[in-house]
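Undergrad: final_31.txt (compact mmCIF, C-alpha atoms and all ligand atoms) pasted underneath:
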```txt
# COMPACT_ATOMS: atom_id res chain seq x y z
CA MET A 13 19.61 -96.87 49.52
CA TYR A 14 19.13 -100.47 48.32
CA PRO A 15 18.82 -102.83 51.29
CA ILE A 16 20.02 -106.42 51.32
CA VAL A 17 16.96 -108.41 52.40
CA LYS A 18 18.60 -111.83 52.32
CA LYS A 19 22.20 -113.00 52.24
CA SER A 20 23.97 -116.33 52.34
CA MET A 21 27.53 -117.47 51.63
CA LEU A 22 27.79 -119.97 48.77
CA THR A 23 31.53 -120.49 49.28
CA PRO A 24 34.00 -118.75 51.62
CA THR A 25 34.48 -115.96 49.05
CA MET A 26 31.14 -115.92 47.24
CA ALA A 27 27.91 -114.37 48.55
CA MET A 28 24.36 -114.60 47.26
CA MET A 29 22.24 -111.55 48.02
CA HIS A 30 18.66 -110.49 47.42
CA VAL A 31 18.53 -106.72 47.11
CA LYS A 32 15.45 -104.52 47.08
CA ALA A 33 15.21 -102.54 43.82
CA PRO A 34 11.57 -102.82 42.64
CA TRP A 35 11.75 -100.91 39.35
CA VAL A 36 14.86 -102.79 38.20
CA ALA A 37 13.19 -106.11 39.10
CA ARG A 38 10.15 -105.04 37.08
CA LYS A 39 12.18 -104.50 33.88
CA ALA A 40 14.98 -107.07 34.21
CA GLN A 41 15.62 -109.43 31.28
CA PRO A 42 17.94 -112.46 30.97
CA GLY A 43 21.52 -111.41 30.20
CA GLN A 44 21.31 -107.97 31.78
CA PHE A 45 23.37 -106.56 34.63
CA ILE A 46 23.43 -103.70 37.14
CA ILE A 47 26.12 -101.42 38.54
CA VAL A 48 26.28 -100.92 42.31
CA ARG A 49 28.28 -98.62 44.54
CA LEU A 50 29.13 -98.75 48.19
CA GLY A 51 29.50 -95.28 49.71
CA GLU A 52 29.47 -91.92 47.94
CA GLU A 53 33.09 -92.25 46.80
CA GLY A 54 32.76 -95.97 46.06
CA GLU A 55 33.93 -97.83 42.94
CA ARG A 56 31.25 -98.77 40.44
CA ILE A 57 30.92 -102.57 40.34
CA PRO A 58 29.04 -104.31 37.48
CA LEU A 59 27.15 -107.44 38.56
CA SER A 60 25.07 -109.84 36.47
CA LEU A 61 21.48 -110.52 37.42
CA SER A 62 21.18 -114.15 38.43
CA GLY A 63 17.47 -113.76 39.09
CA TRP A 64 14.72 -111.44 40.27
CA ASP A 65 11.33 -111.50 41.94
CA ARG A 66 9.01 -108.95 40.34
CA GLU A 67 6.38 -109.30 43.12
CA GLU A 68 8.84 -108.79 45.97
CA GLY A 69 10.81 -106.23 43.97
CA THR A 70 14.14 -107.92 44.61
CA LEU A 71 17.19 -108.80 42.52
CA ARG A 72 19.41 -111.79 43.13
CA LEU A 73 23.15 -111.12 42.93
CA ILE A 74 26.11 -113.43 43.31
CA ILE A 75 29.25 -111.58 44.32
CA GLN A 76 32.73 -113.00 44.26
CA ALA A 77 35.35 -111.29 46.43
CA VAL A 78 38.27 -110.61 44.09
CA GLY A 79 39.52 -107.13 44.97
CA ALA A 80 39.09 -104.43 47.59
CA THR A 81 35.51 -103.38 46.76
CA THR A 82 34.00 -106.82 46.13
CA ARG A 83 35.57 -107.99 49.41
CA GLN A 84 33.75 -105.18 51.22
CA MET A 85 30.52 -106.08 49.43
CA VAL A 86 30.74 -109.78 50.29
CA ALA A 87 31.19 -108.77 53.96
CA LEU A 88 27.86 -106.87 54.00
CA LYS A 89 25.08 -108.29 56.17
CA GLU A 90 21.30 -108.50 55.84
CA GLY A 91 19.92 -105.05 56.61
CA ASP A 92 23.00 -103.29 55.16
CA ALA A 93 22.47 -101.44 51.90
CA PHE A 94 24.15 -100.45 48.64
CA THR A 95 24.37 -96.68 48.24
CA ASP A 96 23.59 -96.66 44.51
CA LEU A 97 22.25 -99.18 42.05
CA VAL A 98 21.62 -98.58 38.34
CA GLY A 99 20.01 -100.94 35.87
CA PRO A 100 18.94 -103.00 34.22
CA LEU A 101 21.89 -102.37 31.88
CA GLY A 102 22.96 -104.06 28.65
CA GLN A 103 21.01 -105.97 26.05
CA ARG A 104 18.86 -109.00 26.82
CA ALA A 105 20.45 -112.37 25.96
CA HIS A 106 20.23 -112.96 22.19
CA GLY A 107 21.69 -114.94 19.31
CA LEU A 108 21.06 -118.34 20.85
CA GLY A 109 19.30 -119.83 17.84
CA THR A 110 17.14 -122.92 18.20
CA GLY A 111 17.53 -126.53 19.34
CA THR A 112 19.37 -127.77 22.40
CA LEU A 113 20.93 -124.97 24.42
CA VAL A 114 23.98 -125.69 26.56
CA VAL A 115 24.58 -123.14 29.34
CA ILE A 116 28.02 -123.13 30.94
CA GLY A 117 28.81 -121.30 34.18
CA GLY A 118 32.16 -120.81 35.84
CA GLY A 119 32.23 -118.97 39.20
CA TYR A 120 29.46 -116.35 39.39
CA GLY A 121 28.59 -117.35 35.80
CA ALA A 122 26.62 -120.33 37.19
CA GLY A 123 24.10 -117.79 38.47
CA ALA A 124 24.38 -115.45 35.50
CA VAL A 125 23.31 -118.14 32.99
CA MET A 126 20.28 -119.11 35.07
CA PRO A 127 17.71 -116.56 33.77
CA THR A 128 18.52 -117.50 30.15
CA ALA A 129 18.35 -121.22 30.96
CA ARG A 130 14.94 -120.75 32.64
CA GLU A 131 13.60 -118.78 29.69
CA ALA A 132 14.82 -121.33 27.13
CA LYS A 133 13.26 -124.15 29.16
CA ALA A 134 9.96 -122.26 29.36
CA GLU A 135 10.08 -121.93 25.56
CA GLY A 136 10.25 -125.73 25.34
CA ARG A 137 13.91 -126.08 24.42
CA ARG A 138 16.12 -128.88 25.70
CA VAL A 139 18.58 -127.23 28.08
CA ILE A 140 21.82 -128.79 29.33
CA GLY A 141 23.75 -127.15 32.17
CA ILE A 142 27.48 -127.42 32.79
CA VAL A 143 28.96 -126.04 36.00
CA GLY A 144 32.70 -125.98 36.60
CA ALA A 145 34.68 -125.35 39.76
CA ARG A 146 38.08 -126.13 41.26
CA SER A 147 36.63 -128.58 43.82
CA LYS A 148 33.32 -129.97 45.13
CA ASP A 149 32.83 -127.31 47.82
CA LEU A 150 33.08 -124.55 45.19
CA VAL A 151 30.40 -125.94 42.84
CA LEU A 152 27.61 -123.33 42.71
CA LEU A 153 23.84 -123.74 42.44
CA GLU A 154 23.93 -127.42 41.42
CA ASP A 155 20.43 -128.15 42.77
CA GLU A 156 18.93 -125.10 41.09
CA MET A 157 20.65 -125.98 37.82
CA ARG A 158 19.19 -129.52 38.05
CA SER A 159 15.71 -128.09 38.62
CA VAL A 160 15.98 -125.89 35.51
CA CYS A 161 17.83 -128.12 33.05
CA ASP A 162 17.09 -131.47 31.38
CA ASP A 163 20.60 -132.65 32.15
CA VAL A 164 23.47 -131.27 34.22
CA LEU A 165 27.19 -132.07 34.04
CA ILE A 166 29.50 -130.97 36.83
CA THR A 167 33.26 -130.70 36.42
CA THR A 168 35.90 -130.18 39.08
CA ASP A 169 39.61 -129.61 38.49
CA ASP A 170 40.53 -132.09 41.23
CA GLY A 171 37.86 -134.69 40.42
CA SER A 172 36.21 -134.37 43.87
CA HIS A 173 32.78 -134.13 42.21
CA GLY A 174 31.46 -134.99 38.75
CA ILE A 175 33.85 -135.21 35.83
CA LYS A 176 37.51 -134.56 36.61
CA GLY A 177 38.55 -131.76 34.31
CA LEU A 178 37.33 -128.53 32.82
CA VAL A 179 33.94 -127.42 31.52
CA THR A 180 35.28 -128.00 28.01
CA ASP A 181 35.72 -131.72 28.82
CA ALA A 182 32.01 -131.90 29.71
CA LEU A 183 31.02 -129.88 26.64
CA LYS A 184 33.03 -132.22 24.42
CA ARG A 185 31.05 -135.18 25.81
CA VAL A 186 27.77 -133.42 25.05
CA ILE A 187 28.83 -132.48 21.50
CA ASP A 188 29.97 -136.07 20.88
CA ARG A 189 26.65 -137.54 21.97
CA GLU A 190 23.95 -135.20 20.62
CA PRO A 191 23.29 -132.21 18.33
CA VAL A 192 23.79 -128.83 20.05
CA GLY A 193 21.95 -125.75 18.77
CA ALA A 194 23.83 -123.11 20.76
CA VAL A 195 26.07 -122.52 23.76
CA LEU A 196 26.03 -119.71 26.32
CA ALA A 197 29.20 -119.49 28.42
CA ILE A 198 29.70 -117.06 31.31
CA GLY A 199 32.77 -117.10 33.53
CA PRO A 200 36.46 -116.24 33.49
CA VAL A 201 37.86 -115.02 30.15
CA PRO A 202 40.13 -118.10 29.66
CA MET A 203 37.05 -120.33 30.14
CA MET A 204 34.96 -118.43 27.58
CA ARG A 205 37.89 -118.44 25.16
CA ALA A 206 38.37 -122.22 25.53
CA VAL A 207 34.66 -122.91 25.05
CA SER A 208 34.64 -120.77 21.90
CA ALA A 209 37.72 -122.59 20.54
CA LEU A 210 35.99 -125.94 21.08
CA THR A 211 32.70 -125.02 19.40
CA ARG A 212 34.22 -123.09 16.46
CA PRO A 213 35.13 -126.13 14.29
CA HIS A 214 31.66 -127.58 14.96
CA GLN A 215 30.08 -124.26 13.89
CA ILE A 216 27.94 -124.20 17.05
CA LYS A 217 26.67 -120.70 17.78
CA THR A 218 28.40 -119.60 21.00
CA MET A 219 27.60 -116.51 23.04
CA VAL A 220 29.84 -115.23 25.84
CA SER A 221 29.26 -112.44 28.39
CA LEU A 222 32.21 -110.07 28.36
CA ASN A 223 33.30 -108.89 31.80
CA ALA A 224 35.28 -105.93 30.43
CA VAL A 225 36.25 -103.24 32.93
CA MET A 226 33.32 -100.84 33.08
CA VAL A 227 32.82 -97.35 34.44
CA ASP A 228 29.56 -95.62 33.47
CA GLY A 229 27.81 -98.65 31.96
CA THR A 230 25.97 -96.50 29.41
CA GLY A 231 28.28 -96.46 26.37
CA MET A 232 29.62 -92.95 27.10
CA CYS A 233 33.07 -93.43 28.68
CA GLY A 234 34.59 -96.04 26.36
CA GLY A 235 36.08 -97.94 29.31
CA CYS A 236 34.58 -101.27 28.26
CA ARG A 237 35.76 -101.13 24.63
CA VAL A 238 36.12 -104.60 23.10
CA THR A 239 36.81 -105.79 19.57
CA VAL A 240 34.31 -108.24 18.14
CA GLY A 241 34.53 -109.35 14.51
CA GLY A 242 37.11 -106.60 13.90
CA GLN A 243 34.68 -103.90 15.06
CA THR A 244 34.83 -101.79 18.20
CA LYS A 245 31.93 -102.49 20.56
CA PHE A 246 31.05 -101.32 24.04
CA ALA A 247 30.47 -104.33 26.29
CA CYS A 248 28.07 -102.36 28.52
CA PHE A 249 25.81 -101.09 25.76
CA ASP A 250 26.18 -103.46 22.78
CA GLY A 251 26.61 -106.47 25.11
CA PRO A 252 27.49 -107.87 27.49
CA ASP A 253 26.73 -110.94 25.32
CA PHE A 254 28.70 -111.33 22.07
CA ASP A 255 29.49 -114.01 19.52
CA GLY A 256 32.32 -115.92 21.21
CA HIS A 257 33.89 -116.87 17.86
CA GLN A 258 34.40 -113.21 16.97
CA VAL A 259 35.84 -111.83 20.24
CA ASP A 260 39.44 -110.57 20.42
CA TYR A 261 40.28 -112.31 23.72
CA ASP A 262 43.94 -111.15 23.75
CA GLU A 263 42.86 -107.52 23.78
CA LEU A 264 40.18 -108.19 26.42
CA ALA A 265 42.69 -109.90 28.74
CA LEU A 266 45.19 -107.07 28.22
CA ARG A 267 42.64 -104.38 29.06
CA GLN A 268 41.53 -106.28 32.18
CA ARG A 269 45.14 -106.22 33.42
CA MET A 270 45.51 -102.47 32.81
CA TYR A 271 44.55 -101.39 36.34
CA ARG A 272 46.36 -104.18 38.23
CA PRO A 273 48.89 -101.87 40.01
CA LEU A 274 46.05 -99.59 41.24
CA GLU A 275 43.94 -102.62 42.27
CA ALA A 276 46.88 -104.00 44.28
CA LEU A 277 47.23 -100.63 46.04
CA ALA A 278 43.50 -100.58 46.90
CA LEU A 279 43.69 -104.14 48.28
CA ASP A 280 46.77 -103.32 50.34
CA HIS A 281 44.97 -100.25 51.74
CA LEU A 282 41.93 -102.36 52.69
CA CYS A 283 44.13 -104.99 54.35
CA HIS A 284 45.71 -102.27 56.53
CA ILE A 285 42.24 -100.99 57.52
CA GLU A 286 41.05 -104.54 58.33
CA LYS A 287 44.17 -105.18 60.47
CA ALA A 288 43.60 -101.95 62.41
CA MET A 289 39.99 -102.90 63.17
CA PRO A 290 39.20 -104.36 66.64
C1 LIG B 301 28.79 -107.22 32.82
C2 LIG B 301 29.56 -107.71 34.03
C3 LIG B 301 28.94 -108.56 34.91
C4 LIG B 301 29.61 -109.01 36.04
N1 LIG B 301 28.94 -109.83 36.90
C5 LIG B 301 29.53 -110.20 38.05
C6 LIG B 301 28.79 -110.97 39.00
O1 LIG B 301 27.62 -111.30 38.83
N2 LIG B 301 29.44 -111.33 40.14
C7 LIG B 301 30.74 -110.99 40.37
O2 LIG B 301 31.26 -111.35 41.44
N3 LIG B 301 31.46 -110.26 39.49
C8 LIG B 301 30.88 -109.85 38.34
N4 LIG B 301 31.59 -109.09 37.44
C9 LIG B 301 33.01 -108.76 37.73
C10 LIG B 301 33.09 -107.68 38.79
O3 LIG B 301 32.48 -106.50 38.33
C11 LIG B 301 34.57 -107.40 39.13
O4 LIG B 301 35.09 -108.56 39.75
C12 LIG B 301 34.69 -106.24 40.09
O5 LIG B 301 34.43 -105.04 39.41
C13 LIG B 301 36.07 -106.20 40.72
O6 LIG B 301 36.10 -105.11 41.62
P1 LIG B 301 37.08 -105.04 42.85
O7 LIG B 301 37.26 -103.60 43.20
O8 LIG B 301 36.66 -105.91 43.98
O9 LIG B 301 38.41 -105.66 42.34
P2 LIG B 301 39.61 -104.94 41.65
O10 LIG B 301 40.76 -105.01 42.60
O11 LIG B 301 39.23 -103.61 41.10
O12 LIG B 301 39.83 -105.89 40.39
C14 LIG B 301 40.05 -107.28 40.45
C15 LIG B 301 39.87 -107.80 39.02
O13 LIG B 301 38.49 -107.64 38.61
C16 LIG B 301 38.40 -107.15 37.28
N5 LIG B 301 37.70 -105.85 37.30
C17 LIG B 301 38.05 -104.72 37.97
N6 LIG B 301 37.18 -103.72 37.78
C18 LIG B 301 36.25 -104.21 36.94
C19 LIG B 301 35.09 -103.64 36.36
N7 LIG B 301 34.69 -102.39 36.59
N8 LIG B 301 34.38 -104.42 35.55
C20 LIG B 301 34.76 -105.69 35.32
N9 LIG B 301 35.82 -106.29 35.85
C21 LIG B 301 36.58 -105.56 36.63
C22 LIG B 301 39.79 -107.06 36.75
O14 LIG B 301 40.04 -108.21 36.01
C23 LIG B 301 40.66 -107.03 37.98
O15 LIG B 301 41.90 -107.59 37.78
C24 LIG B 301 30.96 -108.61 36.28
C25 LIG B 301 31.60 -107.76 35.40
C26 LIG B 301 30.91 -107.31 34.28
C27 LIG B 301 31.57 -106.35 33.35
S1 LIG B 302 31.35 -98.69 30.68
FE1 LIG B 302 31.58 -96.77 29.78
S2 LIG B 302 31.25 -97.17 27.68
FE2 LIG B 302 30.86 -99.07 28.65
```
Could you express the structure from this file as structure tokens?

TA:
Amino acid sequence: MYPIVKKSMLTPTMAMMHVKAPWVARKAQPGQFIIVRLGEEGERIPLSLSGWDREEGTLRLIIQAVGATTRQMVALKEGDAFTDLVGPLGQRAHGLGTGTLVVIGGGYGAGAVMPTAREAKAEGRRVIGIVGARSKDLVLLEDEMRSVCDDVLITTDDGSHGIKGLVTDALKRVIDREPVGAVLAIGPVPMMRAVSALTRPHQIKTMVSLNAVMVDGTGMCGGCRVTVGGQTKFACFDGPDFDGHQVDYDELALRQRMYRPLEALALDHLCHIEKAMP
């Protein structure tokens, strides 16, 4: 069992958890992820590492409730535990060149970019953070981002905090004002696609973390197949980071929608259980 030693809610649907898993914490590298399971029959859920403490032997996870299983996970309390946890999985963050690095996080991506941002800063690079959210109350980890980066731009869809608009509006400002060596974008597929479209004409190296549907996380099942530069890759093993200019986003979005009817059934089932609870 993998106990949750600390938990807080970042937004009404997003939890930050510190989970005890000493040997994973010992080996973790920026860009890597884990797969966790709740219960013996539970679904396998891939989660990015947003940090770790090698001394305490803990991992920091940020979990967004989107479907049946992640809703159950977000409802866990301190002292509860994950049944299984495997990792660290995937390749360490790579391909980010030299010069100023812009890290862009949407949703849980604000946490997922943090280890890479910290490492780049420690290497002496100029690091600019961009965090996007729908509104002010949904902006994640702003203070932490400010403590890691040389400059931080916040965007909100409704203009309640920072720049009114999307992360691409903030990125455009940065590109217009200074040379950018590379961009790392982690968040929803449409966000990563839009960032890649913006940087392509400027020939700015752009890496994205592909949240393809995963099962085993080891390159054996083929569930996370993606096409990058016309070649078949496994997001869990070859990635999750890939060159954003080479990703077939249409195929990725299509494959993510493949299990929608089953996901709706699972959510409906959970809602019935929740209603029946005292
Ligand atoms: C490498 C990687 C890192 C991730 N990191 C995080 C993270 O740090 N925090 C976080 O909240 N989420 C993260 N995700 C996404 C998270 O795994 C999915 O939201 C979760 O699996 C959905 O499970 P569910 O049963 O609650 O929802 P479901 O009802 O099963 O699905 C809801 C939606 O989530 C997506 N999804 C479903 N199953 C998977 C799967 N196995 N892998 C990826 N996406 C899926 C689909 O788009 C689906 O429409 C990551 C995914 C990957 C691949
Ligand atoms: S999840 Fe099975 S091959 Fe990647």

Undergrad: Dump the neighbourhood of ligand LIG 301 (chain B) as a list of chain:residue names: all residues within 6 Å, distances computed on all atoms listed in the file.

TA: A:Phe45, A:Ile57, A:Pro58, A:Leu59, A:Ser60, A:Ile74, A:Ile75, A:Gln76, A:Val78, A:Gly79, A:Ala80, A:Thr81, A:Thr82, A:Arg83, A:Tyr120, A:Asn223, A:Ala224, A:Val225, A:Met226, A:Val227, A:Pro252, A:Gln268, A:Arg269, A:Arg272, A:Glu275

Undergrad: Using all atoms listed in the file, find all polymer residues with an atom at most 10 Å away from the point (18.3, -119.8, 23.4); report them as a list of chain:residue names.

TA: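 The residues near that point, listed by chain and number, are A:Ala105, A:His106, A:Gly107, A:Leu108, A:Gly109, A:Thr110, A:Gly111, A:Thr112, A:Leu113, A:Val114, A:Val115, A:Thr128, A:Ala129, A:Arg130, A:Glu131, A:Ala132, A:Lys133, A:Glu135, A:Arg137, A:Arg138, A:Val139, A:Gly193, A:Ala194, A:Val195, A:Leu196, A:Met219.
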
Undergrad: Taking all atoms listed in the file into account, which residues have an atom no farther than 9 Å from ligand LIG 302 (chain B)? I'd like them as a list in words.

TA: Ala224, Val225, Met226, Val227, Asp228, Gly229, Thr230, Gly231, Met232, Cys233, Gly234, Gly235, Cys236, Arg237, Lys245, Phe246, Ala247, Cys248, Phe249 and Asp250 of chain A

Undergrad: Which one is closest to Leu88 of chain A: A:Glu156, A:Val192, A:Lys18, A:Asp149? Count only C-alpha atoms.

TA: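 When distances to Leu88 of chain A are compared using only C-alpha atoms, the smallest one comes from A:Lys18.
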
Undergrad: With distances taken over only C-alpha atoms, which residue among A:Met204, A:Met28, A:Leu22, A:Leu73 lies nearest Ile46 of chain A?

TA: A:Leu73

Undergrad: Leaving out Thr70 of chain A and any residue of its chain fewer than 4 positions from it, which residues lie within 6 Å of it when counting all atoms listed in the file, given as a list in words?

TA: His30, Val31, Lys32, Ala33, Ala37, Trp64 and Asp65 of chain A

Undergrad: Please provide the set of residues having any atom within 6 Å of Glu90 of chain A, restricted to only C-alpha atoms, with same-chain residues fewer than 5 positions apart removed, written as number ranges by chain.

TA: A: 16-19

Undergrad: Could you tell me which of A:Val186, A:Gly43, A:Val36, A:Asp170 comes closest to Phe254 of chain A if we count all atoms listed in the file?

TA: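 Looking only at the distances to Phe254 of chain A, the closest residue turns out to be A:Gly43.
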
Undergrad: Taking all atoms listed in the file into account, name the residue in A:Ile216, A:Val48, A:Met85, A:Ala209 that is nearest to Val259 of chain A.

TA: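 Closest candidate: A:Ala209.
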
Undergrad: Which residues are close to Met203 of chain A, i.e. within 10 Å by only C-alpha atoms, leaving aside same-chain residues fewer than 3 positions away? Reply as a ChimeraX atom specification.

TA: /A:116-118,144,178-180,197-200,206-209,220

Undergrad: Give me, please, the distance in Å between atom CA of Arg72 of chain A and atom CA of Met29 of chain A, quoted to one decimal.

TA: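 Separation between atom CA of Arg72 of chain A and atom CA of Met29 of chain A: 5.7 Å.
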
Undergrad: In Å to one decimal, how far is atom CA of Leu152 of chain A from atom CA of Pro24 of chain A?

TA: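 Between atom CA of Pro24 of chain A and atom CA of Leu152 of chain A the gap is 11.9 Å.
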
Undergrad: If you count only C-alpha atoms, which residues fall within 9 Å of segment 210-215 of chain A, apart from same-chain ones fewer than 6 positions away, as a list of chain:residue names?

TA: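 So the residues in contact are A:Thr180, A:Leu183, A:Lys184, A:Ile187, A:Val195, A:Gly256, A:His257.
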
Undergrad: Looking at all atoms listed in the file, which of A:Asp96, A:Glu68, A:Asp155, A:Asp253 is the one that sits closest to Val143 of chain A?

TA: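 When distances to Val143 of chain A are compared using all atoms listed in the file, the smallest one comes from A:Asp155.
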
Undergrad: Restricting the calculation to only C-alpha atoms: of A:Val238, A:Ala134, A:Ile142, A:Ala87, which residue gets closest to Val164 of chain A?

TA: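 Closest to Val164 of chain A of all the choices is A:Ile142.
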
Undergrad: Will you give me segment 76-84 of chain A, written with all heavy atoms and laid out as a PDB file, in the first residue's frame?

TA:
```pdb
ATOM      1  N   GLN A  76      -6.618  15.594 -11.118  1.00  0.00           N
ATOM      2  CA  GLN A  76      -7.826  16.301 -11.535  1.00  0.00           C
ATOM      3  C   GLN A  76      -8.957  15.292 -11.699  1.00  0.00           C
ATOM      4  O   GLN A  76      -8.794  14.286 -12.413  1.00  0.00           O
ATOM      5  CB  GLN A  76      -7.553  16.995 -12.869  1.00  0.00           C
ATOM      6  CG  GLN A  76      -8.733  17.771 -13.365  1.00  0.00           C
ATOM      7  CD  GLN A  76      -8.367  18.656 -14.537  1.00  0.00           C
ATOM      8  OE1 GLN A  76      -7.340  18.437 -15.186  1.00  0.00           O
ATOM      9  NE2 GLN A  76      -9.179  19.638 -14.813  1.00  0.00           N
ATOM     10  N   ALA A  77     -10.088  15.559 -11.051  1.00  0.00           N
ATOM     11  CA  ALA A  77     -11.231  14.648 -11.161  1.00  0.00           C
ATOM     12  C   ALA A  77     -11.908  14.857 -12.505  1.00  0.00           C
ATOM     13  O   ALA A  77     -12.514  15.898 -12.733  1.00  0.00           O
ATOM     14  CB  ALA A  77     -12.210  14.926 -10.031  1.00  0.00           C
ATOM     15  N   VAL A  78     -11.738  13.871 -13.420  1.00  0.00           N
ATOM     16  CA  VAL A  78     -12.404  14.000 -14.715  1.00  0.00           C
ATOM     17  C   VAL A  78     -13.413  12.880 -14.942  1.00  0.00           C
ATOM     18  O   VAL A  78     -14.459  13.083 -15.515  1.00  0.00           O
ATOM     19  CB  VAL A  78     -11.415  14.041 -15.908  1.00  0.00           C
ATOM     20  CG1 VAL A  78     -10.576  15.297 -15.896  1.00  0.00           C
ATOM     21  CG2 VAL A  78     -10.537  12.824 -15.966  1.00  0.00           C
ATOM     22  N   GLY A  79     -13.103  11.689 -14.483  1.00  0.00           N
ATOM     23  CA  GLY A  79     -13.992  10.545 -14.678  1.00  0.00           C
ATOM     24  C   GLY A  79     -14.202   9.821 -13.361  1.00  0.00           C
ATOM     25  O   GLY A  79     -13.861  10.334 -12.295  1.00  0.00           O
ATOM     26  N   ALA A  80     -14.731   8.594 -13.463  1.00  0.00           N
ATOM     27  CA  ALA A  80     -15.109   7.850 -12.254  1.00  0.00           C
ATOM     28  C   ALA A  80     -13.914   7.611 -11.324  1.00  0.00           C
ATOM     29  O   ALA A  80     -13.977   7.888 -10.132  1.00  0.00           O
ATOM     30  CB  ALA A  80     -15.749   6.525 -12.658  1.00  0.00           C
ATOM     31  N   THR A  81     -12.799   7.114 -11.875  1.00  0.00           N
ATOM     32  CA  THR A  81     -11.679   6.746 -10.999  1.00  0.00           C
ATOM     33  C   THR A  81     -10.980   7.963 -10.407  1.00  0.00           C
ATOM     34  O   THR A  81     -10.686   7.992  -9.208  1.00  0.00           O
ATOM     35  CB  THR A  81     -10.660   5.875 -11.773  1.00  0.00           C
ATOM     36  OG1 THR A  81     -11.364   4.763 -12.327  1.00  0.00           O
ATOM     37  CG2 THR A  81      -9.580   5.363 -10.848  1.00  0.00           C
ATOM     38  N   THR A  82     -10.710   8.968 -11.231  1.00  0.00           N
ATOM     39  CA  THR A  82     -10.018  10.148 -10.685  1.00  0.00           C
ATOM     40  C   THR A  82     -10.913  10.876  -9.668  1.00  0.00           C
ATOM     41  O   THR A  82     -10.407  11.463  -8.720  1.00  0.00           O
ATOM     42  CB  THR A  82      -9.543  11.110 -11.797  1.00  0.00           C
ATOM     43  OG1 THR A  82     -10.574  11.278 -12.754  1.00  0.00           O
ATOM     44  CG2 THR A  82      -8.304  10.589 -12.476  1.00  0.00           C
ATOM     45  N   ARG A  83     -12.222  10.770  -9.818  1.00  0.00           N
ATOM     46  CA  ARG A  83     -13.102  11.365  -8.794  1.00  0.00           C
ATOM     47  C   ARG A  83     -12.939  10.645  -7.466  1.00  0.00           C
ATOM     48  O   ARG A  83     -12.879  11.266  -6.407  1.00  0.00           O
ATOM     49  CB  ARG A  83     -14.560  11.289  -9.249  1.00  0.00           C
ATOM     50  CG  ARG A  83     -14.930  12.519 -10.048  1.00  0.00           C
ATOM     51  CD  ARG A  83     -16.297  12.453 -10.608  1.00  0.00           C
ATOM     52  NE  ARG A  83     -17.335  12.267  -9.589  1.00  0.00           N
ATOM     53  CZ  ARG A  83     -18.622  12.405  -9.842  1.00  0.00           C
ATOM     54  NH1 ARG A  83     -19.021  12.735 -11.040  1.00  0.00           N
ATOM     55  NH2 ARG A  83     -19.523  12.219  -8.907  1.00  0.00           N
ATOM     56  N   GLN A  84     -12.827   9.302  -7.531  1.00  0.00           N
ATOM     57  CA  GLN A  84     -12.622   8.542  -6.292  1.00  0.00           C
ATOM     58  C   GLN A  84     -11.269   8.887  -5.671  1.00  0.00           C
ATOM     59  O   GLN A  84     -11.132   8.976  -4.461  1.00  0.00           O
ATOM     60  CB  GLN A  84     -12.669   7.042  -6.584  1.00  0.00           C
ATOM     61  CG  GLN A  84     -14.072   6.530  -6.840  1.00  0.00           C
ATOM     62  CD  GLN A  84     -14.040   5.083  -7.294  1.00  0.00           C
ATOM     63  OE1 GLN A  84     -13.684   4.789  -8.439  1.00  0.00           O
ATOM     64  NE2 GLN A  84     -14.378   4.193  -6.406  1.00  0.00           N
TER      65      GLN A  84
END
```
